[in-house]
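J.: Next comes the structure file structure23.cif, holding mmCIF, C-alpha atoms.
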data_start
#
loop_
_atom_site.label_atom_id
_atom_site.label_comp_id
_atom_site.auth_asym_id
_atom_site.auth_seq_id
_atom_site.Cartn_x
_atom_site.Cartn_y
_atom_site.Cartn_z
CA MET I 1 89.46 115.17 152.89
CA ALA I 2 91.54 117.91 151.30
CA VAL I 3 93.89 118.35 148.36
CA VAL I 4 96.47 121.13 148.84
CA MET I 5 98.56 122.70 146.08
CA THR I 6 100.90 125.59 145.35
CA GLY I 7 101.76 126.86 141.89
CA GLY I 8 98.48 125.91 140.25
CA THR I 9 97.25 129.18 138.79
CA ARG I 10 99.41 129.21 135.66
CA GLY I 11 101.62 127.10 133.44
CA LEU I 12 102.00 123.37 133.93
CA GLY I 13 100.58 123.69 137.44
CA ARG I 14 97.27 124.96 136.10
CA VAL I 15 97.12 122.12 133.56
CA ALA I 16 97.74 119.65 136.39
CA ALA I 17 95.24 121.36 138.73
CA GLN I 18 92.47 121.04 136.15
CA ARG I 19 93.03 117.29 136.06
CA ILE I 20 93.56 116.96 139.82
CA SER I 21 90.22 118.68 140.41
CA SER I 22 88.49 115.35 139.73
CA LEU I 23 89.80 114.01 143.05
CA PRO I 24 87.30 113.84 145.92
CA GLY I 25 87.42 116.35 148.78
CA ARG I 26 88.07 120.08 149.00
CA LYS I 27 90.73 121.52 146.75
CA ILE I 28 92.82 124.25 148.45
CA MET I 29 95.32 126.32 146.48
CA GLY I 30 97.80 128.87 147.73
CA VAL I 31 97.45 132.07 145.71
CA ARG I 32 99.19 135.40 145.64
CA GLY I 33 97.23 138.53 144.81
CA ASP I 34 94.29 138.21 142.47
CA ALA I 35 95.52 135.21 140.48
CA SER I 36 92.81 133.32 138.61
CA LEU I 37 91.87 129.95 140.10
CA PRO I 38 91.10 126.82 138.06
CA PRO I 39 87.51 125.55 138.40
CA LYS I 40 86.63 123.65 141.60
CA TRP I 41 89.55 125.11 143.57
CA GLU I 42 89.30 127.53 146.47
CA GLY I 43 92.15 129.93 147.10
CA LYS I 44 93.88 130.87 150.31
CA PRO I 45 96.42 133.74 150.44
CA LEU I 46 100.02 132.58 150.21
CA ASP I 47 103.21 134.57 149.64
CA LEU I 48 106.15 132.17 149.52
CA ALA I 49 108.54 135.06 150.15
CA SER I 50 107.18 135.32 153.70
CA LEU I 51 107.39 132.54 156.28
CA ALA I 52 104.63 134.28 158.25
CA SER I 53 102.39 133.98 155.18
CA VAL I 54 103.19 130.27 154.93
CA ARG I 55 102.14 129.79 158.54
CA SER I 56 98.91 131.72 157.98
CA PHE I 57 98.15 129.63 154.88
CA CYS I 58 98.58 126.39 156.82
CA GLU I 59 96.31 127.68 159.58
CA ALA I 60 93.65 128.49 156.95
CA ILE I 61 93.56 124.95 155.52
CA PRO I 62 90.37 123.18 156.69
CA ASP I 63 90.88 120.86 159.64
CA GLU I 64 90.54 117.57 157.80
CA PRO I 65 92.96 114.91 156.52
CA ILE I 66 95.13 115.94 153.57
CA THR I 67 95.16 113.21 150.94
CA HIS I 68 97.31 114.94 148.30
CA LEU I 69 99.96 117.65 148.70
CA VAL I 70 101.48 119.23 145.57
CA LEU I 71 104.33 121.72 146.08
CA ASN I 72 104.79 123.02 142.57
CA ALA I 73 105.37 126.79 142.78
CA GLY I 74 108.80 128.06 141.82
CA GLY I 75 110.69 130.71 139.95
CA GLN I 76 114.03 131.98 138.67
CA ARG I 77 115.64 135.37 139.16
CA ALA I 78 118.29 137.25 137.28
CA THR I 79 120.62 137.41 140.31
CA ALA I 80 120.91 136.14 143.85
CA ALA I 81 120.98 139.68 145.23
CA THR I 82 117.37 140.04 146.42
CA ARG I 83 116.23 139.08 149.92
CA THR I 84 112.86 138.13 151.38
CA VAL I 85 111.26 139.86 154.36
CA ASP I 86 112.93 137.17 156.48
CA GLY I 87 116.37 138.12 155.15
CA PHE I 88 116.99 135.04 152.96
CA GLU I 89 118.05 134.85 149.33
CA THR I 90 114.77 134.99 147.43
CA THR I 91 115.02 132.00 145.08
CA PHE I 92 116.17 129.61 147.80
CA ALA I 93 113.59 130.97 150.23
CA THR I 94 110.59 130.73 147.90
CA ASN I 95 111.49 127.52 146.08
CA HIS I 96 112.77 125.56 149.08
CA LEU I 97 112.39 127.10 152.55
CA ALA I 98 108.73 128.11 152.17
CA HIS I 99 107.76 124.69 150.85
CA TYR I 100 109.81 122.96 153.51
CA LEU I 101 107.99 124.89 156.23
CA LEU I 102 104.61 124.24 154.61
CA LEU I 103 105.38 120.53 154.45
CA ARG I 104 106.51 120.35 158.07
CA LEU I 105 103.44 122.22 159.31
CA VAL I 106 100.94 119.99 157.51
CA MET I 107 102.74 116.66 158.04
CA PRO I 108 100.65 115.80 161.13
CA ARG I 109 97.52 116.16 159.01
CA LEU I 110 98.59 113.95 156.12
CA GLY I 111 96.27 110.96 155.93
CA SER I 112 97.11 107.30 155.50
CA GLY I 113 98.20 106.63 151.93
CA ALA I 114 98.70 110.34 151.20
CA ARG I 115 100.52 111.32 147.99
CA LEU I 116 103.07 114.15 147.95
CA VAL I 117 104.81 115.71 144.95
CA ILE I 118 107.55 118.36 145.05
CA THR I 119 108.56 119.87 141.72
CA SER I 120 112.32 119.66 141.24
CA SER I 121 114.38 120.07 138.07
CA GLY I 122 117.02 118.34 136.00
CA THR I 123 119.17 121.42 136.54
CA HIS I 124 120.15 119.86 139.90
CA ASP I 125 122.21 117.27 138.01
CA PRO I 126 125.40 118.28 136.13
CA ARG I 127 125.02 115.16 133.96
CA GLU I 128 121.94 116.69 132.32
CA LYS I 129 123.93 119.54 130.73
CA THR I 130 120.96 121.91 130.82
CA GLY I 131 123.01 125.05 130.34
CA VAL I 132 122.14 126.16 133.87
CA PRO I 133 125.11 126.21 136.29
CA PRO I 134 124.66 123.15 138.54
CA PRO I 135 124.68 123.47 142.33
CA ARG I 136 127.97 123.19 144.19
CA HIS I 137 126.35 122.14 147.48
CA ALA I 138 123.13 122.04 149.49
CA ASP I 139 124.38 123.98 152.52
CA ALA I 140 121.19 125.70 153.70
CA GLU I 141 122.99 128.45 155.61
CA LEU I 142 125.13 129.46 152.62
CA LEU I 143 122.22 129.21 150.17
CA ALA I 144 120.11 131.42 152.43
CA HIS I 145 123.00 133.91 152.74
CA PRO I 146 125.11 133.53 149.54
CA ASP I 147 127.20 136.58 150.45
CA ARG I 148 128.76 134.39 153.17
CA ASP I 149 129.83 131.72 150.67
CA PRO I 150 133.60 132.01 150.05
CA GLU I 151 133.12 130.28 146.67
CA GLY I 152 130.19 132.46 145.61
CA ASP I 153 129.77 133.39 141.96
CA ARG I 154 131.31 136.66 140.83
CA VAL I 155 128.99 137.04 137.83
CA ALA I 156 125.53 138.06 139.02
CA ALA I 157 123.60 136.16 136.35
CA VAL I 158 125.49 132.95 137.11
CA GLY I 159 124.70 133.35 140.80
CA GLY I 160 121.01 133.81 140.03
CA MET I 161 120.77 130.67 137.94
CA ARG I 162 122.86 128.62 140.38
CA ALA I 163 120.51 129.70 143.17
CA TYR I 164 117.71 128.14 141.10
CA SER I 165 119.48 124.83 140.44
CA ALA I 166 120.49 124.62 144.11
CA SER I 167 116.92 125.22 145.25
CA LYS I 168 115.75 122.40 142.97
CA LEU I 169 118.44 120.13 144.42
CA CYS I 170 117.03 120.96 147.85
CA ASN I 171 113.51 120.09 146.68
CA LEU I 172 114.70 116.65 145.62
CA MET I 173 116.69 116.08 148.81
CA THR I 174 113.67 117.11 150.90
CA ALA I 175 111.54 114.52 149.13
CA ARG I 176 114.19 111.85 149.64
CA TYR I 177 114.51 112.60 153.35
CA LEU I 178 110.76 112.74 153.85
CA ALA I 179 110.22 109.38 152.17
CA ALA I 180 112.61 107.75 154.64
CA THR I 181 110.98 109.17 157.79
CA ASN I 182 109.06 106.99 160.22
CA GLU I 183 105.98 109.13 159.56
CA ALA I 184 106.07 108.44 155.83
CA ARG I 185 106.59 104.73 156.30
CA ALA I 186 103.92 104.38 158.95
CA GLY I 187 101.47 106.43 156.91
CA LYS I 188 102.32 104.59 153.68
CA TRP I 189 102.81 107.93 151.92
CA SER I 190 103.88 108.04 148.28
CA VAL I 191 106.54 110.76 147.91
CA PHE I 192 107.87 112.03 144.59
CA ALA I 193 110.22 114.71 143.30
CA TYR I 194 109.21 115.69 139.76
CA ASP I 195 111.41 117.07 137.00
CA PRO I 196 109.07 118.35 134.25
CA GLY I 197 112.01 119.16 132.00
CA LEU I 198 112.34 122.52 130.31
CA THR I 199 108.74 123.57 129.71
CA PRO I 200 108.12 126.71 127.64
CA GLY I 201 104.91 128.57 128.40
CA THR I 202 105.19 128.56 132.18
CA GLY I 203 105.73 131.60 134.41
CA LEU I 204 109.17 130.36 135.42
CA VAL I 205 111.09 133.28 133.91
CA ARG I 206 108.70 136.08 134.91
CA SER I 207 111.47 137.66 137.03
CA GLN I 208 114.16 137.32 134.37
CA PRO I 209 115.34 140.23 132.14
CA TRP I 210 113.00 141.28 129.32
CA ILE I 211 115.14 139.67 126.62
CA VAL I 212 114.60 136.26 128.22
CA ARG I 213 110.88 136.86 128.82
CA THR I 214 110.02 138.38 125.46
CA LEU I 215 112.51 136.87 122.99
CA VAL I 216 114.12 133.64 124.22
CA TRP I 217 111.24 132.06 126.15
CA PRO I 218 108.55 132.51 123.46
CA LEU I 219 110.78 130.84 120.82
CA LEU I 220 111.57 127.70 122.82
CA PRO I 221 108.41 125.77 121.83
CA LEU I 222 109.87 125.52 118.32
CA PHE I 223 112.59 123.23 119.71
CA VAL I 224 110.38 120.83 121.69
CA PRO I 225 110.45 118.10 119.00
CA PHE I 226 114.26 118.08 118.98
CA ALA I 227 115.26 118.40 122.67
CA LYS I 228 115.30 115.35 124.91
CA SER I 229 114.50 117.20 128.13
CA MET I 230 112.03 119.76 126.71
CA ASN I 231 108.29 119.11 127.01
CA THR I 232 105.08 120.82 126.06
CA LEU I 233 102.98 122.50 128.71
CA ALA I 234 100.27 119.87 128.25
CA HIS I 235 102.67 116.97 128.71
CA ALA I 236 104.39 118.51 131.74
CA GLY I 237 101.06 119.25 133.42
CA ARG I 238 99.77 115.78 132.69
CA GLY I 239 102.94 114.26 134.18
CA LEU I 240 102.46 116.23 137.38
CA SER I 241 98.83 115.17 137.65
CA GLU I 242 99.70 111.51 137.04
CA LEU I 243 102.27 111.56 139.83
CA THR I 244 99.76 113.24 142.11
CA MET I 245 96.90 110.86 141.37
CA VAL I 246 97.94 107.42 140.12
CA ALA I 247 101.58 106.85 139.14
CA ARG I 248 103.58 104.14 140.91
CA ALA I 249 107.34 104.21 141.20
CA PRO I 250 109.44 101.18 140.26
CA ASP I 251 111.56 99.84 143.11
CA ASP I 252 110.42 102.58 145.50
CA ARG I 253 112.15 105.34 143.53
CA ILE I 254 111.53 108.97 144.44
CA TYR I 255 112.88 111.01 141.52
CA CYS I 256 110.76 111.14 138.37
CA ALA I 257 111.80 112.97 135.18
CA LEU I 258 109.56 113.68 132.21
CA ARG I 259 111.39 112.92 128.99
CA LYS I 260 109.68 113.23 125.60
CA GLY I 261 106.34 113.32 127.38
CA ARG I 262 107.01 110.08 129.28
CA LEU I 263 107.63 109.58 133.01
CA THR I 264 111.06 108.06 133.63
CA TRP I 265 112.85 107.17 136.88
CA PRO I 266 116.56 108.09 136.63
CA ASP I 267 119.10 108.08 139.41
CA PRO I 268 119.43 111.47 141.12
CA SER I 269 122.74 113.28 141.05
CA GLU I 270 125.62 112.38 143.33
CA LEU I 271 124.93 115.42 145.50
CA ALA I 272 121.24 114.53 145.81
CA SER I 273 122.18 111.01 146.91
CA ASP I 274 124.46 112.16 149.73
CA GLU I 275 122.71 110.94 152.90
CA ALA I 276 124.69 113.11 155.31
CA ALA I 277 124.07 116.24 153.24
CA THR I 278 120.38 115.36 152.95
CA ARG I 279 120.00 115.05 156.71
CA ALA I 280 121.93 118.27 157.28
CA LEU I 281 119.69 120.13 154.82
CA TRP I 282 116.55 118.91 156.62
CA GLU I 283 117.86 119.89 160.05
CA ASP I 284 119.42 123.21 159.00
CA SER I 285 116.25 124.19 157.14
CA ALA I 286 114.27 123.54 160.33
CA GLN I 287 116.50 126.01 162.15
CA LEU I 288 116.21 128.65 159.43
CA VAL I 289 112.39 128.56 159.44
CA GLY I 290 112.20 128.56 163.23
CA LEU I 291 111.01 125.00 163.89
CA ILE I 292 113.89 124.26 166.25
#
Could you show the structure in this file as structure tokens?
T.:
Amino acid sequence: MAVVMTGGTRGLGRVAAQRISSLPGRKIMGVRGDASLPPKWEGKPLDLASLASVRSFCEAIPDEPITHLVLNAGGQRATAATRTVDGFETTFATNHLAHYLLLRLVMPRLGSGARLVITSSGTHDPREKTGVPPPRHADAELLAHPDRDPEGDRVAAVGGMRAYSASKLCNLMTARYLAATNEARAGKWSVFAYDPGLTPGTGLVRSQPWIVRTLVWPLLPLFVPFAKSMNTLAHAGRGLSELTMVARAPDDRIYCALRKGRLTWPDPSELASDEAATRALWEDSAQLVGLI
């Protein structure tokens, strides 16, 4: 048996990984560079900005059933101007496309009753009023190549943040599509998309300008007691571990949001609930990563 995780070397992911380490079986974590691993985990090289690296990581996972899959890694960038080695907008590629490919490659190895968690965000939903520009669509081709979008943002910073919220929308839609597949139903998989809320102390803004990294981000913990959707690192990590290990969804819900340290099960946004758009995202993503 194997437990596989991304985004577990820092922030809420590391908190969760320390708790998840009590699960039986080998614990495999994708790591970039010389990142420090939590105890009981073994690292395999993984650069989410390279689809070739994702394929190599999947090939390096031991050939045994995967009981738990946690796709938690993610980040924000100041603009949507950077591109990966594959030519895709970086935030969309690392937050969505890389995890989509990883998921598709390991799906045949997911065991009966497997549990899967993809970290999403409340920024996907305009009703949350997070201050982050909400996504306009989940068109994979336009998100991968935002310069082709006729309605693209003129302000670079707005485009960078909207790329983030759109990638988190895609994470949620991927979880929703997966949960409805014949494979998931036959395998009795539990599939969740997790919104940890705004969680100061993570590495989320490591690619943002210095003023965000050194002034804004360090001050946010002061507001945790007053903000509905803001959580401590400990609470956010615990929520992720609970979804991974034991939590059960009411009425077969997929989307779980941590609010005031408590797991809640709200309705996803209107965009995230669009069945045609969800199917199109799944199929178009498969083309972009070279599966079809």
J.: Could you tell me, as a PDB file with C-alpha atoms, keeping the file's coordinate frame, exactly which residues end up selected when the PyMOL selection byres ((chain I and resi 55-61) around 12) is applied to this structure?
T.:
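So the final result, stored in part-v2.pdb, reads:
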ATOM      1  CA  MET I   1      89.460 115.170 152.890  1.00  0.00           C
ATOM      2  CA  ALA I   2      91.540 117.910 151.300  1.00  0.00           C
ATOM      3  CA  VAL I   3      93.890 118.350 148.360  1.00  0.00           C
ATOM      4  CA  VAL I   4      96.470 121.130 148.840  1.00  0.00           C
ATOM      5  CA  MET I   5      98.560 122.700 146.080  1.00  0.00           C
ATOM      6  CA  THR I   6     100.900 125.590 145.350  1.00  0.00           C
ATOM      7  CA  ARG I  26      88.070 120.080 149.000  1.00  0.00           C
ATOM      8  CA  LYS I  27      90.730 121.520 146.750  1.00  0.00           C
ATOM      9  CA  ILE I  28      92.820 124.250 148.450  1.00  0.00           C
ATOM     10  CA  MET I  29      95.320 126.320 146.480  1.00  0.00           C
ATOM     11  CA  GLY I  30      97.800 128.870 147.730  1.00  0.00           C
ATOM     12  CA  VAL I  31      97.450 132.070 145.710  1.00  0.00           C
ATOM     13  CA  ARG I  32      99.190 135.400 145.640  1.00  0.00           C
ATOM     14  CA  GLU I  42      89.300 127.530 146.470  1.00  0.00           C
ATOM     15  CA  GLY I  43      92.150 129.930 147.100  1.00  0.00           C
ATOM     16  CA  LYS I  44      93.880 130.870 150.310  1.00  0.00           C
ATOM     17  CA  PRO I  45      96.420 133.740 150.440  1.00  0.00           C
ATOM     18  CA  LEU I  46     100.020 132.580 150.210  1.00  0.00           C
ATOM     19  CA  ASP I  47     103.210 134.570 149.640  1.00  0.00           C
ATOM     20  CA  LEU I  48     106.150 132.170 149.520  1.00  0.00           C
ATOM     21  CA  ALA I  49     108.540 135.060 150.150  1.00  0.00           C
ATOM     22  CA  SER I  50     107.180 135.320 153.700  1.00  0.00           C
ATOM     23  CA  LEU I  51     107.390 132.540 156.280  1.00  0.00           C
ATOM     24  CA  ALA I  52     104.630 134.280 158.250  1.00  0.00           C
ATOM     25  CA  SER I  53     102.390 133.980 155.180  1.00  0.00           C
ATOM     26  CA  VAL I  54     103.190 130.270 154.930  1.00  0.00           C
ATOM     27  CA  PRO I  62      90.370 123.180 156.690  1.00  0.00           C
ATOM     28  CA  ASP I  63      90.880 120.860 159.640  1.00  0.00           C
ATOM     29  CA  GLU I  64      90.540 117.570 157.800  1.00  0.00           C
ATOM     30  CA  PRO I  65      92.960 114.910 156.520  1.00  0.00           C
ATOM     31  CA  ILE I  66      95.130 115.940 153.570  1.00  0.00           C
ATOM     32  CA  LEU I  69      99.960 117.650 148.700  1.00  0.00           C
ATOM     33  CA  ALA I  98     108.730 128.110 152.170  1.00  0.00           C
ATOM     34  CA  HIS I  99     107.760 124.690 150.850  1.00  0.00           C
ATOM     35  CA  TYR I 100     109.810 122.960 153.510  1.00  0.00           C
ATOM     36  CA  LEU I 101     107.990 124.890 156.230  1.00  0.00           C
ATOM     37  CA  LEU I 102     104.610 124.240 154.610  1.00  0.00           C
ATOM     38  CA  LEU I 103     105.380 120.530 154.450  1.00  0.00           C
ATOM     39  CA  ARG I 104     106.510 120.350 158.070  1.00  0.00           C
ATOM     40  CA  LEU I 105     103.440 122.220 159.310  1.00  0.00           C
ATOM     41  CA  VAL I 106     100.940 119.990 157.510  1.00  0.00           C
ATOM     42  CA  MET I 107     102.740 116.660 158.040  1.00  0.00           C
ATOM     43  CA  PRO I 108     100.650 115.800 161.130  1.00  0.00           C
ATOM     44  CA  ARG I 109      97.520 116.160 159.010  1.00  0.00           C
ATOM     45  CA  VAL I 289     112.390 128.560 159.440  1.00  0.00           C
ATOM     46  CA  GLY I 290     112.200 128.560 163.230  1.00  0.00           C
ATOM     47  CA  LEU I 291     111.010 125.000 163.890  1.00  0.00           C
TER      48      LEU I 291
END
J.: What's around range 241-256 of chain I at 6 Å? Count all atoms listed in the file, leave out sequence neighbours fewer than 5 positions away in its own chain, and write the answer as a PyMOL selection string.
T.: chain I and resi 16+20+192-194+264-265
J.: Can you work out the spacing between CA of Lys188 in chain I and CA of Ala166 in chain I in Å, to one decimal?
T.: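 It comes out at 28.7 Å.
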J.: Ranking I:Gly111, I:Asp139, I:Ala157, I:Leu198 by minimum distance to Leu288 in chain I and counting only C-alpha atoms, which one comes first?
T.: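 Among the listed residues, I:Asp139 lies closest to Leu288 in chain I.
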J.: How many Å lie between CA of Asp153 in chain I and CA of Pro134 in chain I, rounded to one decimal?
T.: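 Between CA of Asp153 in chain I and CA of Pro134 in chain I the gap is 11.9 Å.
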J.: Quick one, how far is CA of Pro146 in chain I from CA of Ser165 in chain I?
T.: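 Spanning CA of Pro146 in chain I to CA of Ser165 in chain I is a straight-line distance of 13.8 Å.
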J.: Which residues come within 10 Å of Ser269 in chain I, counting all atoms listed in the file, excluding same-chain residues fewer than 2 positions away, as a list in words?
T.: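 Returned residues: Gly122, Thr123, His124, Asp125, Pro126, Arg127, Glu128, Leu169, Leu172, Pro266, Asp267, Leu271, Ala272, Ser273 and Asp274 of chain I.
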J.: From the options I:Leu233, I:Leu240, I:Met173, I:Leu37, which residue's atoms come nearest to Asn72 in chain I, counting all atoms listed in the file?
T.: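 Of all the options, I:Leu240 lies closest to Asn72 in chain I.
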J.: When the PyMOL selection byres ((chain I and resi 182-185) around 10) is applied to the file above, which residues end up in the set, as a list in words?
T.: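 Applying the PyMOL selection byres ((chain I and resi 182-185) around 10) to the structure shown produces Met107, Pro108, Leu110, Ser112, Gly113, Ala114, Tyr177, Leu178, Ala179, Ala180, Thr181, Ala186, Gly187, Lys188, Trp189, Ser190 and Val191 of chain I.
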J.: Give the answer as one residue: which of I:Thr82, I:Thr94, I:Asn231, I:Thr278 has the shortest atom-to-atom distance to Cys170 in chain I, using all atoms listed in the file?
T.: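 Among the listed residues, I:Thr278 lies closest to Cys170 in chain I.
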J.: The PyMOL selection byres ((chain I and resi 10) around 12) on the file shown: which residues, as JSON, numbers by chain?
T.: {"I": [6, 7, 8, 9, 11, 12, 13, 14, 15, 16, 17, 18, 29, 31, 32, 35, 36, 37, 38, 72, 73, 74, 201, 202, 203, 204, 206, 233, 234, 237]}
J.: Pick out the closest residue to Lys168 in chain I from this set: I:His145, I:His96, I:Arg83, I:Arg77. Count all atoms listed in the file.
T.: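 Checking each candidate against Lys168 in chain I, we get I:His96 as the closest.
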J.: Excluding Glu89 in chain I and its own-chain neighbours fewer than 3 positions away, which residues fall within 10 Å of it when counting only C-alpha atoms? Please give them as a PDB file with C-alpha atoms, in the frame of the given file.
T.:
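Result saved to part25.pdb:
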ATOM      1  CA  ALA I  49     108.540 135.060 150.150  1.00  0.00           C
ATOM      2  CA  THR I  79     120.620 137.410 140.310  1.00  0.00           C
ATOM      3  CA  ALA I  80     120.910 136.140 143.850  1.00  0.00           C
ATOM      4  CA  ALA I  81     120.980 139.680 145.230  1.00  0.00           C
ATOM      5  CA  THR I  82     117.370 140.040 146.420  1.00  0.00           C
ATOM      6  CA  ARG I  83     116.230 139.080 149.920  1.00  0.00           C
ATOM      7  CA  THR I  84     112.860 138.130 151.380  1.00  0.00           C
ATOM      8  CA  VAL I  85     111.260 139.860 154.360  1.00  0.00           C
ATOM      9  CA  ASP I  86     112.930 137.170 156.480  1.00  0.00           C
ATOM     10  CA  PHE I  92     116.170 129.610 147.800  1.00  0.00           C
ATOM     11  CA  ALA I  93     113.590 130.970 150.230  1.00  0.00           C
ATOM     12  CA  THR I  94     110.590 130.730 147.900  1.00  0.00           C
ATOM     13  CA  LEU I 142     125.130 129.460 152.620  1.00  0.00           C
ATOM     14  CA  LEU I 143     122.220 129.210 150.170  1.00  0.00           C
ATOM     15  CA  ALA I 144     120.110 131.420 152.430  1.00  0.00           C
ATOM     16  CA  HIS I 145     123.000 133.910 152.740  1.00  0.00           C
ATOM     17  CA  PRO I 146     125.110 133.530 149.540  1.00  0.00           C
ATOM     18  CA  ASP I 147     127.200 136.580 150.450  1.00  0.00           C
ATOM     19  CA  GLY I 160     121.010 133.810 140.030  1.00  0.00           C
ATOM     20  CA  ALA I 163     120.510 129.700 143.170  1.00  0.00           C
TER      21      ALA I 163
END
